[in-house]
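The data block below is data24.csv; it holds CSV, C-alpha atoms.
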```
chain,number,residue,atom,x,y,z
P,1,MET,CA,11.5,-31.3,-24.4
P,2,THR,CA,8.4,-29.2,-23.5
P,3,ILE,CA,7.1,-29.0,-19.9
P,4,LEU,CA,4.0,-31.0,-21.0
P,5,GLU,CA,6.2,-33.8,-22.4
P,6,THR,CA,8.2,-33.9,-19.3
P,7,ALA,CA,5.0,-34.1,-17.2
P,8,GLN,CA,3.7,-36.9,-19.4
P,9,GLN,CA,6.9,-38.8,-19.0
P,10,ALA,CA,6.9,-38.3,-15.3
P,11,SER,CA,3.3,-39.6,-15.2
P,12,THR,CA,4.2,-42.7,-17.3
P,13,MET,CA,7.1,-43.3,-14.9
P,14,LEU,CA,4.8,-43.1,-11.9
P,15,THR,CA,2.6,-45.8,-13.3
P,16,THR,CA,5.6,-48.1,-13.7
P,17,LEU,CA,6.9,-47.7,-10.2
P,18,LYS,CA,5.6,-50.6,-8.1
P,19,PRO,CA,4.1,-49.3,-4.8
P,20,GLU,CA,5.9,-52.1,-2.8
P,21,LEU,CA,9.2,-51.0,-4.3
P,22,VAL,CA,8.6,-47.4,-3.4
P,23,GLU,CA,7.5,-48.3,0.1
P,24,SER,CA,10.8,-50.2,0.6
P,25,LEU,CA,12.8,-46.9,0.1
P,26,PRO,CA,15.1,-45.5,1.2
P,27,GLN,CA,17.0,-48.7,1.3
P,28,THR,CA,20.8,-49.2,1.8
P,29,PHE,CA,23.0,-52.1,1.0
P,30,GLY,CA,26.5,-52.7,2.4
P,31,ASP,CA,28.2,-50.4,4.8
P,32,TYR,CA,26.7,-47.2,3.4
P,33,LEU,CA,28.1,-44.1,5.0
P,34,GLU,CA,25.3,-41.6,5.7
P,35,GLU,CA,27.9,-39.2,6.9
P,36,LEU,CA,31.1,-38.8,4.9
P,37,PRO,CA,34.4,-39.0,6.6
P,38,PRO,CA,36.3,-35.7,6.9
P,39,TYR,CA,38.1,-35.0,3.6
P,40,ASN,CA,40.5,-32.3,2.4
P,41,GLU,CA,39.9,-32.5,-1.3
P,42,GLN,CA,36.9,-33.1,-3.5
P,43,LEU,CA,35.8,-32.8,-7.1
P,44,THR,CA,32.3,-33.2,-8.5
P,45,LEU,CA,31.3,-33.7,-12.1
P,46,ASP,CA,27.7,-33.4,-13.3
P,47,PHE,CA,26.4,-34.8,-16.5
P,48,SER,CA,23.1,-33.6,-18.0
P,49,PRO,CA,20.8,-36.3,-19.4
P,50,SER,CA,21.1,-37.0,-23.1
P,51,ALA,CA,23.4,-34.1,-23.6
P,52,ALA,CA,25.4,-36.0,-26.3
P,53,PRO,CA,24.8,-39.1,-28.4
P,54,PRO,CA,25.6,-42.4,-26.7
P,55,ARG,CA,28.8,-43.1,-28.6
P,56,LYS,CA,30.2,-39.7,-27.6
P,57,ARG,CA,29.0,-40.0,-24.0
P,58,TRP,CA,30.8,-43.4,-23.8
P,59,ARG,CA,34.0,-41.7,-24.8
P,60,ASN,CA,33.3,-38.9,-22.4
P,61,ASN,CA,33.1,-41.4,-19.5
P,62,GLY,CA,36.8,-42.3,-20.2
P,63,ARG,CA,37.9,-38.7,-20.5
P,64,SER,CA,36.0,-37.7,-17.3
P,65,ALA,CA,37.5,-40.7,-15.4
P,66,ASP,CA,41.0,-39.8,-16.5
P,67,PHE,CA,40.4,-36.2,-15.4
P,68,LEU,CA,39.4,-37.4,-12.0
P,69,ALA,CA,42.5,-39.5,-11.9
P,70,ASP,CA,44.7,-36.6,-12.9
P,71,PHE,CA,43.0,-34.5,-10.2
P,72,LEU,CA,43.8,-37.1,-7.5
P,73,VAL,CA,47.5,-37.0,-8.5
P,74,THR,CA,47.6,-33.3,-7.8
P,75,CYS,CA,46.4,-34.1,-4.2
P,76,LEU,CA,49.2,-36.6,-3.5
P,77,PRO,CA,52.6,-35.8,-1.9
P,78,GLU,CA,55.6,-35.0,-4.2
P,79,ILE,CA,57.3,-38.1,-5.6
P,80,GLU,CA,60.7,-38.7,-4.0
P,81,THR,CA,61.4,-42.4,-4.7
P,82,ASP,CA,60.6,-45.1,-7.2
P,83,ALA,CA,58.2,-46.6,-4.7
P,84,ASP,CA,56.3,-43.3,-4.6
P,85,ARG,CA,56.1,-43.2,-8.3
P,86,ARG,CA,54.7,-46.7,-8.5
P,87,TRP,CA,52.2,-46.0,-5.7
P,88,GLN,CA,51.0,-42.9,-7.5
P,89,ALA,CA,50.7,-44.7,-10.8
P,90,GLU,CA,48.7,-47.5,-9.1
P,91,LEU,CA,46.3,-44.9,-7.5
P,92,LYS,CA,45.9,-43.0,-10.7
P,93,ASP,CA,45.1,-46.3,-12.6
P,94,ALA,CA,42.6,-47.4,-9.9
P,95,VAL,CA,40.7,-44.0,-10.0
P,96,SER,CA,40.7,-44.1,-13.8
P,97,TYR,CA,39.3,-47.7,-13.8
P,98,ILE,CA,36.7,-47.3,-11.0
P,99,ALA,CA,35.4,-43.9,-12.2
P,100,ASN,CA,35.1,-45.2,-15.7
P,101,GLU,CA,33.1,-48.3,-14.6
P,102,LEU,CA,30.8,-46.2,-12.4
P,103,LEU,CA,30.1,-43.8,-15.2
P,104,GLU,CA,29.5,-46.6,-17.7
P,105,ASN,CA,27.1,-48.3,-15.3
P,106,ALA,CA,25.2,-45.0,-14.7
P,107,MET,CA,24.8,-44.6,-18.4
P,108,LYS,CA,23.8,-48.3,-19.0
P,109,TYR,CA,21.2,-48.5,-16.2
P,110,SER,CA,19.7,-45.1,-16.1
P,111,ASP,CA,16.9,-43.7,-18.1
P,112,PRO,CA,17.9,-40.3,-19.7
P,113,SER,CA,14.2,-39.4,-20.4
P,114,GLN,CA,13.8,-38.9,-16.6
P,115,GLY,CA,15.7,-35.7,-16.9
P,116,THR,CA,17.9,-36.2,-13.8
P,117,TYR,CA,21.6,-35.6,-13.7
P,118,THR,CA,24.3,-38.2,-13.2
P,119,ARG,CA,26.8,-37.0,-10.7
P,120,ILE,CA,30.2,-38.3,-9.6
P,121,HIS,CA,32.0,-37.0,-6.5
P,122,LEU,CA,35.6,-37.9,-5.7
P,123,TYR,CA,36.7,-37.3,-2.1
P,124,PHE,CA,40.2,-37.7,-0.7
P,125,ASN,CA,41.6,-37.3,2.8
P,126,GLY,CA,45.1,-38.9,2.5
P,127,HIS,CA,43.9,-42.3,3.7
P,128,VAL,CA,40.7,-42.9,1.8
P,129,ILE,CA,39.5,-42.3,-1.7
P,130,LEU,CA,35.8,-42.2,-1.9
P,131,PHE,CA,33.7,-42.3,-5.1
P,132,VAL,CA,30.1,-41.4,-4.8
P,133,THR,CA,27.9,-41.6,-7.9
P,134,GLN,CA,24.3,-40.7,-8.1
P,135,ASN,CA,22.0,-41.5,-11.0
P,136,ASN,CA,18.4,-42.6,-11.7
P,137,VAL,CA,17.8,-46.3,-12.2
P,138,HIS,CA,15.3,-47.5,-14.9
P,139,PRO,CA,12.4,-48.9,-12.8
P,140,GLU,CA,12.8,-52.3,-14.5
P,141,GLU,CA,16.4,-52.4,-13.6
P,142,VAL,CA,15.9,-51.9,-9.9
P,143,GLU,CA,15.0,-55.5,-8.9
P,144,PRO,CA,17.7,-57.3,-10.9
P,145,PHE,CA,20.3,-54.7,-9.7
P,146,GLN,CA,19.3,-55.3,-6.1
P,147,ALA,CA,19.5,-59.1,-6.6
P,148,TYR,CA,23.0,-58.7,-8.0
P,149,ILE,CA,24.0,-56.5,-5.1
P,150,HIS,CA,22.8,-59.2,-2.8
P,151,GLU,CA,25.1,-61.7,-4.6
P,152,LEU,CA,28.0,-59.3,-4.4
P,153,LEU,CA,27.6,-58.8,-0.7
P,154,ASN,CA,26.9,-62.4,0.3
P,155,GLU,CA,28.9,-64.6,-2.1
P,156,ASP,CA,32.6,-65.3,-2.5
P,157,PRO,CA,33.6,-62.6,-5.0
P,158,GLN,CA,36.3,-64.8,-6.6
P,159,GLU,CA,33.8,-67.6,-7.2
P,160,LEU,CA,31.1,-65.2,-8.4
P,161,TYR,CA,33.6,-63.8,-10.9
P,162,ILE,CA,34.2,-67.2,-12.5
P,163,ALA,CA,30.4,-68.0,-12.4
P,164,ARG,CA,29.5,-64.7,-14.1
P,165,LEU,CA,32.0,-65.4,-16.8
P,166,GLU,CA,30.8,-68.9,-17.5
P,167,GLU,CA,27.2,-67.6,-17.5
P,168,SER,CA,28.1,-64.9,-20.0
P,169,ILE,CA,29.6,-67.4,-22.3
P,170,GLU,CA,26.5,-69.6,-22.3
P,171,SER,CA,24.3,-66.6,-23.1
P,172,GLU,CA,26.7,-65.0,-25.5
P,173,SER,CA,25.7,-61.8,-23.7
P,174,SER,CA,27.6,-58.6,-24.3
P,175,GLY,CA,26.8,-57.4,-20.8
P,176,SER,CA,29.7,-58.1,-18.5
P,177,GLY,CA,28.6,-57.7,-14.9
P,178,LEU,CA,32.3,-57.7,-14.0
P,179,GLY,CA,32.9,-54.0,-13.4
P,180,LEU,CA,31.8,-54.0,-9.7
P,181,LEU,CA,33.3,-57.4,-9.1
P,182,THR,CA,36.7,-56.3,-10.5
P,183,MET,CA,36.7,-53.3,-8.1
P,184,ILE,CA,36.2,-55.7,-5.2
P,185,ASN,CA,38.6,-58.5,-6.3
P,186,ASP,CA,41.4,-56.6,-8.0
P,187,TYR,CA,41.2,-53.2,-6.2
P,188,GLU,CA,40.0,-54.3,-2.8
P,189,ALA,CA,37.3,-51.7,-2.9
P,190,LYS,CA,34.3,-51.6,-0.4
P,191,LEU,CA,31.0,-51.0,-2.1
P,192,SER,CA,27.7,-49.8,-0.8
P,193,TRP,CA,24.5,-48.4,-2.2
P,194,LYS,CA,21.4,-46.4,-1.3
P,195,PHE,CA,18.2,-46.5,-3.3
P,196,GLU,CA,15.8,-43.5,-2.9
P,197,GLN,CA,12.7,-42.1,-4.5
P,198,VAL,CA,13.0,-38.9,-6.5
P,199,GLY,CA,10.2,-36.4,-6.2
P,200,GLU,CA,7.6,-35.7,-3.5
P,201,HIS,CA,7.0,-38.2,-0.8
P,202,LEU,CA,3.6,-39.2,-2.1
P,203,SER,CA,4.2,-38.8,-5.7
P,204,PRO,CA,7.6,-40.3,-6.6
P,205,THR,CA,8.7,-39.8,-10.2
P,206,ALA,CA,11.8,-41.9,-10.3
P,207,ILE,CA,14.2,-44.0,-8.3
P,208,SER,CA,17.8,-42.9,-7.8
P,209,VAL,CA,20.8,-45.0,-6.7
P,210,THR,CA,23.8,-43.7,-4.9
P,211,THR,CA,26.8,-46.0,-5.3
P,212,MET,CA,29.7,-45.5,-2.9
P,213,VAL,CA,33.1,-47.1,-3.6
P,214,LYS,CA,35.7,-46.8,-0.8
P,215,LEU,CA,39.4,-47.4,-1.4
P,216,ASN,CA,41.7,-47.5,1.6
P,217,ILE,CA,45.2,-46.4,0.7
X,1,MET,CA,21.2,-69.3,-31.8
X,2,ILE,CA,23.8,-69.3,-34.5
X,3,SER,CA,27.1,-70.8,-33.2
X,4,PRO,CA,30.2,-68.7,-33.5
X,5,GLU,CA,31.7,-71.2,-35.9
X,6,ALA,CA,28.7,-71.0,-38.2
X,7,GLU,CA,28.7,-67.3,-38.0
X,8,LEU,CA,32.3,-67.2,-39.2
X,9,ARG,CA,31.8,-69.4,-42.2
X,10,GLY,CA,31.7,-67.5,-45.4
X,11,THR,CA,32.7,-64.2,-43.8
X,12,GLU,CA,35.7,-62.1,-44.6
X,13,PRO,CA,38.6,-62.7,-42.2
X,14,ILE,CA,39.3,-59.7,-39.8
X,15,MET,CA,43.0,-59.3,-39.1
X,16,GLU,CA,42.8,-56.0,-37.3
X,17,VAL,CA,40.5,-53.5,-35.7
X,18,ILE,CA,42.0,-50.1,-35.6
X,19,GLN,CA,40.5,-47.0,-34.0
X,20,ASP,CA,41.9,-43.6,-32.9
X,21,ASN,CA,42.5,-44.8,-29.4
X,22,TYR,CA,43.3,-48.5,-29.8
X,23,GLN,CA,44.6,-51.2,-32.1
X,24,ILE,CA,43.9,-54.9,-32.1
X,25,ILE,CA,46.1,-56.7,-34.7
X,26,TYR,CA,46.5,-60.4,-35.3
X,27,GLN,CA,49.8,-61.6,-36.8
X,28,PRO,CA,49.2,-65.2,-38.0
X,29,GLU,CA,53.0,-65.8,-38.7
X,30,ASP,CA,53.7,-65.9,-35.0
X,31,SER,CA,50.1,-66.4,-33.8
X,32,THR,CA,50.2,-63.1,-31.8
X,33,ILE,CA,47.4,-60.8,-31.0
X,34,HIS,CA,48.6,-57.3,-30.2
X,35,CYS,CA,46.3,-55.1,-28.2
X,36,LYS,CA,47.5,-51.5,-27.9
X,37,GLY,CA,46.1,-48.2,-26.6
X,38,SER,CA,43.0,-47.6,-24.5
X,39,LEU,CA,40.2,-50.0,-25.0
X,40,ARG,CA,36.8,-48.9,-23.6
X,41,LEU,CA,34.5,-51.4,-25.2
X,42,ASN,CA,30.8,-50.8,-25.6
X,43,GLY,CA,28.7,-53.9,-26.2
X,44,GLN,CA,26.3,-52.0,-28.5
X,45,GLU,CA,29.0,-51.1,-31.0
X,46,GLU,CA,30.1,-52.8,-34.2
X,47,ASP,CA,33.7,-52.8,-33.2
X,48,TYR,CA,32.9,-55.0,-30.2
X,49,LYS,CA,31.5,-57.6,-32.6
X,50,ARG,CA,34.5,-57.2,-35.0
X,51,ILE,CA,37.1,-57.8,-32.2
X,52,ASN,CA,35.1,-60.8,-31.0
X,53,HIS,CA,35.1,-62.0,-34.6
X,54,LEU,CA,38.8,-61.7,-34.8
X,55,LEU,CA,39.3,-63.6,-31.6
X,56,GLU,CA,36.9,-66.3,-32.7
X,57,GLN,CA,38.9,-66.7,-36.0
X,58,VAL,CA,42.1,-67.2,-34.0
X,59,ILE,CA,40.5,-70.0,-32.0
X,60,GLN,CA,39.1,-71.6,-35.1
X,61,SER,CA,42.5,-71.6,-36.9
X,62,GLU,CA,43.7,-73.8,-34.0
X,63,PRO,CA,47.4,-72.6,-33.7
X,64,SER,CA,49.5,-74.7,-31.4
X,65,THR,CA,50.3,-71.6,-29.3
X,66,VAL,CA,48.5,-68.2,-29.1
X,67,ILE,CA,50.3,-65.2,-27.8
X,68,LEU,CA,48.2,-62.3,-26.4
X,69,ASN,CA,50.4,-59.3,-26.2
X,70,VAL,CA,48.9,-56.5,-24.1
X,71,GLN,CA,52.1,-54.7,-23.1
X,72,GLU,CA,51.0,-51.5,-24.7
X,73,LEU,CA,47.4,-51.7,-23.6
X,74,ASN,CA,47.1,-48.8,-21.1
X,75,PHE,CA,43.5,-49.2,-20.3
X,76,LEU,CA,40.9,-52.0,-20.5
X,77,ASN,CA,37.3,-51.6,-19.2
X,78,SER,CA,35.4,-54.5,-17.6
X,79,LEU,CA,33.7,-55.5,-20.9
X,80,GLY,CA,37.2,-55.8,-22.4
X,81,ILE,CA,38.3,-58.0,-19.4
X,82,ASN,CA,35.2,-60.0,-20.0
X,83,MET,CA,36.0,-60.4,-23.7
X,84,LEU,CA,39.6,-61.6,-23.0
X,85,SER,CA,38.4,-63.9,-20.3
X,86,LYS,CA,35.8,-65.6,-22.6
X,87,PHE,CA,38.6,-65.9,-25.2
X,88,VAL,CA,40.7,-67.8,-22.7
X,89,ILE,CA,37.8,-70.1,-21.6
X,90,LYS,CA,37.1,-70.9,-25.2
X,91,ILE,CA,40.7,-71.8,-25.9
X,92,ARG,CA,40.9,-73.8,-22.7
X,93,LYS,CA,38.2,-76.1,-24.3
X,94,LYS,CA,40.6,-76.8,-27.2
X,95,LYS,CA,42.9,-78.6,-24.9
X,96,PHE,CA,46.0,-78.6,-27.3
X,97,ILE,CA,46.3,-74.8,-27.7
X,98,LYS,CA,48.9,-73.2,-25.4
X,99,VAL,CA,48.4,-69.6,-24.3
X,100,ILE,CA,51.0,-67.0,-23.5
X,101,VAL,CA,50.0,-63.6,-22.2
X,102,GLN,CA,52.6,-60.9,-22.3
X,103,GLY,CA,52.1,-57.9,-20.0
X,104,ALA,CA,54.0,-54.9,-18.7
X,105,GLU,CA,55.0,-54.8,-15.1
X,106,ASP,CA,54.7,-51.0,-15.0
X,107,THR,CA,51.1,-50.9,-16.0
X,108,PRO,CA,49.1,-51.4,-12.8
X,109,TRP,CA,45.9,-52.8,-14.2
X,110,GLN,CA,47.8,-55.6,-15.8
X,111,VAL,CA,49.5,-56.6,-12.6
X,112,LYS,CA,46.1,-56.6,-10.8
X,113,SER,CA,43.9,-58.2,-13.4
X,114,LEU,CA,45.8,-60.4,-15.8
X,115,LYS,CA,46.3,-63.0,-13.1
X,116,ASN,CA,42.6,-63.7,-13.4
X,117,LEU,CA,43.2,-65.2,-16.8
X,118,GLN,CA,45.6,-67.6,-15.2
X,119,ARG,CA,42.9,-68.6,-12.7
X,120,LEU,CA,40.6,-69.4,-15.6
X,121,MET,CA,43.3,-71.5,-17.3
X,122,PRO,CA,46.1,-72.6,-14.9
X,123,SER,CA,48.4,-73.7,-17.8
X,124,LEU,CA,48.4,-70.2,-19.2
X,125,SER,CA,51.8,-68.6,-19.1
X,126,LEU,CA,51.8,-65.1,-17.8
X,127,GLN,CA,55.0,-63.1,-18.7
X,128,PHE,CA,55.7,-59.6,-17.4
X,129,THR,CA,58.4,-57.5,-18.8
```
Please rewrite the model in this file as structure tokens.
Amino acid sequence: MTILETAQQASTMLTTLKPELVESLPQTFGDYLEELPPYNEQLTLDFSPSAAPPRKRWRNNGRSADFLADFLVTCLPEIETDADRRWQAELKDAVSYIANELLENAMKYSDPSQGTYTRIHLYFNGHVILFVTQNNVHPEEVEPFQAYIHELLNEDPQELYIARLEESIESESSGSGLGLLTMINDYEAKLSWKFEQVGEHLSPTAISVTTMVKLNI
Amino acid sequence: MISPEAELRGTEPIMEVIQDNYQIIYQPEDSTIHCKGSLRLNGQEEDYKRINHLLEQVIQSEPSTVILNVQELNFLNSLGINMLSKFVIKIRKKKFIKVIVQGAEDTPWQVKSLKNLQRLMPSLSLQFT
């Protein structure tokens, strides 16, 4: 993409960002941690926009999530008992599931033409596993996403799970909306978000979202 | 909108969907759907439609019992969970079909997430080995 094309895209994006939305930023939802807890281990993966065709990127999400899960296992104490082995398998499985869902969501709801990276960090300190993903959000996705976050934070997650399923049957939709809910219901994860503008204060070019998923272990 | 039943009429039956990393196979002789491997479904892909088609056929054939065997399914993303959940809700509407879900106790996601299928259909029998 030439510099001119990038500038044209940025300019198009600017016109689609509603001023009232930009003014509301930065905005956080849930117990967002502005300062990370102390950690001993961390791994960060960056994905350049549209580096591969969607089908390949989808597969890469799985490989990357499994890589993060393998990394976490290297940070855990040596296995001594069957209970240790089971605990380790559970953590590995949780990291693989959560990281995969976060990367899939980043891919589904971001706009690769904005030229920003998708980044996932995994932090670990022996008590907490913290996932932090950063990606841009397509301007048209911001409001529905925030409305959904509002539901996630204010409604009973078990009831919401059933309601989302019944809705998706009615609409025969292929979107699931269950990824974040499964993290809350099945993995007891705590979720929070921060929406920010990308670019200069007075000339935003895009909106980014940081999603934080905290697992106490 | 075309109903799933109408969509199935006149189309070739799909008994299996096999890819490098997963296999979905229906055995009509014992009404068992075997799901194996690592299933990371993407709603935009043809295979998602094919697997849904296979599941819809199973419902339309109205067996007295359906067995869903996921013992060798190591990974299922949320769209996959969504797909199996919808399958269970649709079967629940056919009140006479019994459902048995067979899982593996040493696969953590199954212990965490399969119980949700039972919440959708309390008569569903969940068997871990």
*Mind listing as a ChimeraX atom specification which residues of chain X are within 12 Å of chain P, counting all atoms listed in the file?*
/X:1-4,20-21,38-49,52,74-90,105-121
*What's the 9 Å shell around Gln42 in chain P, counting all atoms listed in the file, without same-chain residues fewer than 5 positions away, as a PyMOL selection string?*
chain P and resi 72+121-125
*Could you check how far CA of Leu55 in chain X sits from CA of Thr129 in chain X, in Å to one decimal?*
23.8 Å
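For Ser31 in chain X, the residues within 12 Å (counting all atoms listed in the file, excluding itself and residues fewer than 5 positions away along the chain) are Met15, Ile25, Tyr26, Leu55, Gln57, Val58, Ile59, Ser61, Glu62, Pro63, Ser64, Thr65, Val66, Ile67, Leu68, Asn69, Ile97, Lys98, Val99, Ile100 and Val101 of chain X.
Here CA of Gln134 in chain P and CA of Ser48 in chain P stand 12.2 Å from one another.
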_List the spatial neighbours of Glu141 in chain P as number ranges by chain - criterion: any atom at most 10 Å away, all atoms listed in the file, same-chain residues fewer than 4 positions off excluded._
P: 109-111, 137, 145-146
*asked:* Using only C-alpha atoms, can you tell me which of P:Lys56, P:Ala69, P:Gly115, P:Cys75 comes closest to Val95 in chain P?
replied: P:Ala69
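CA of Lys194 in chain P is found 20.1 Å from CA of Pro38 in chain P.
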*Around the point (32.6, -45.0, -7.0) in the file's coordinates, collect all residues with an atom within 9 Å, using only C-alpha atoms, and return them as a PyMOL selection string.*
chain P and resi 95+98-99+101-103+120-122+130-133+191+211-214
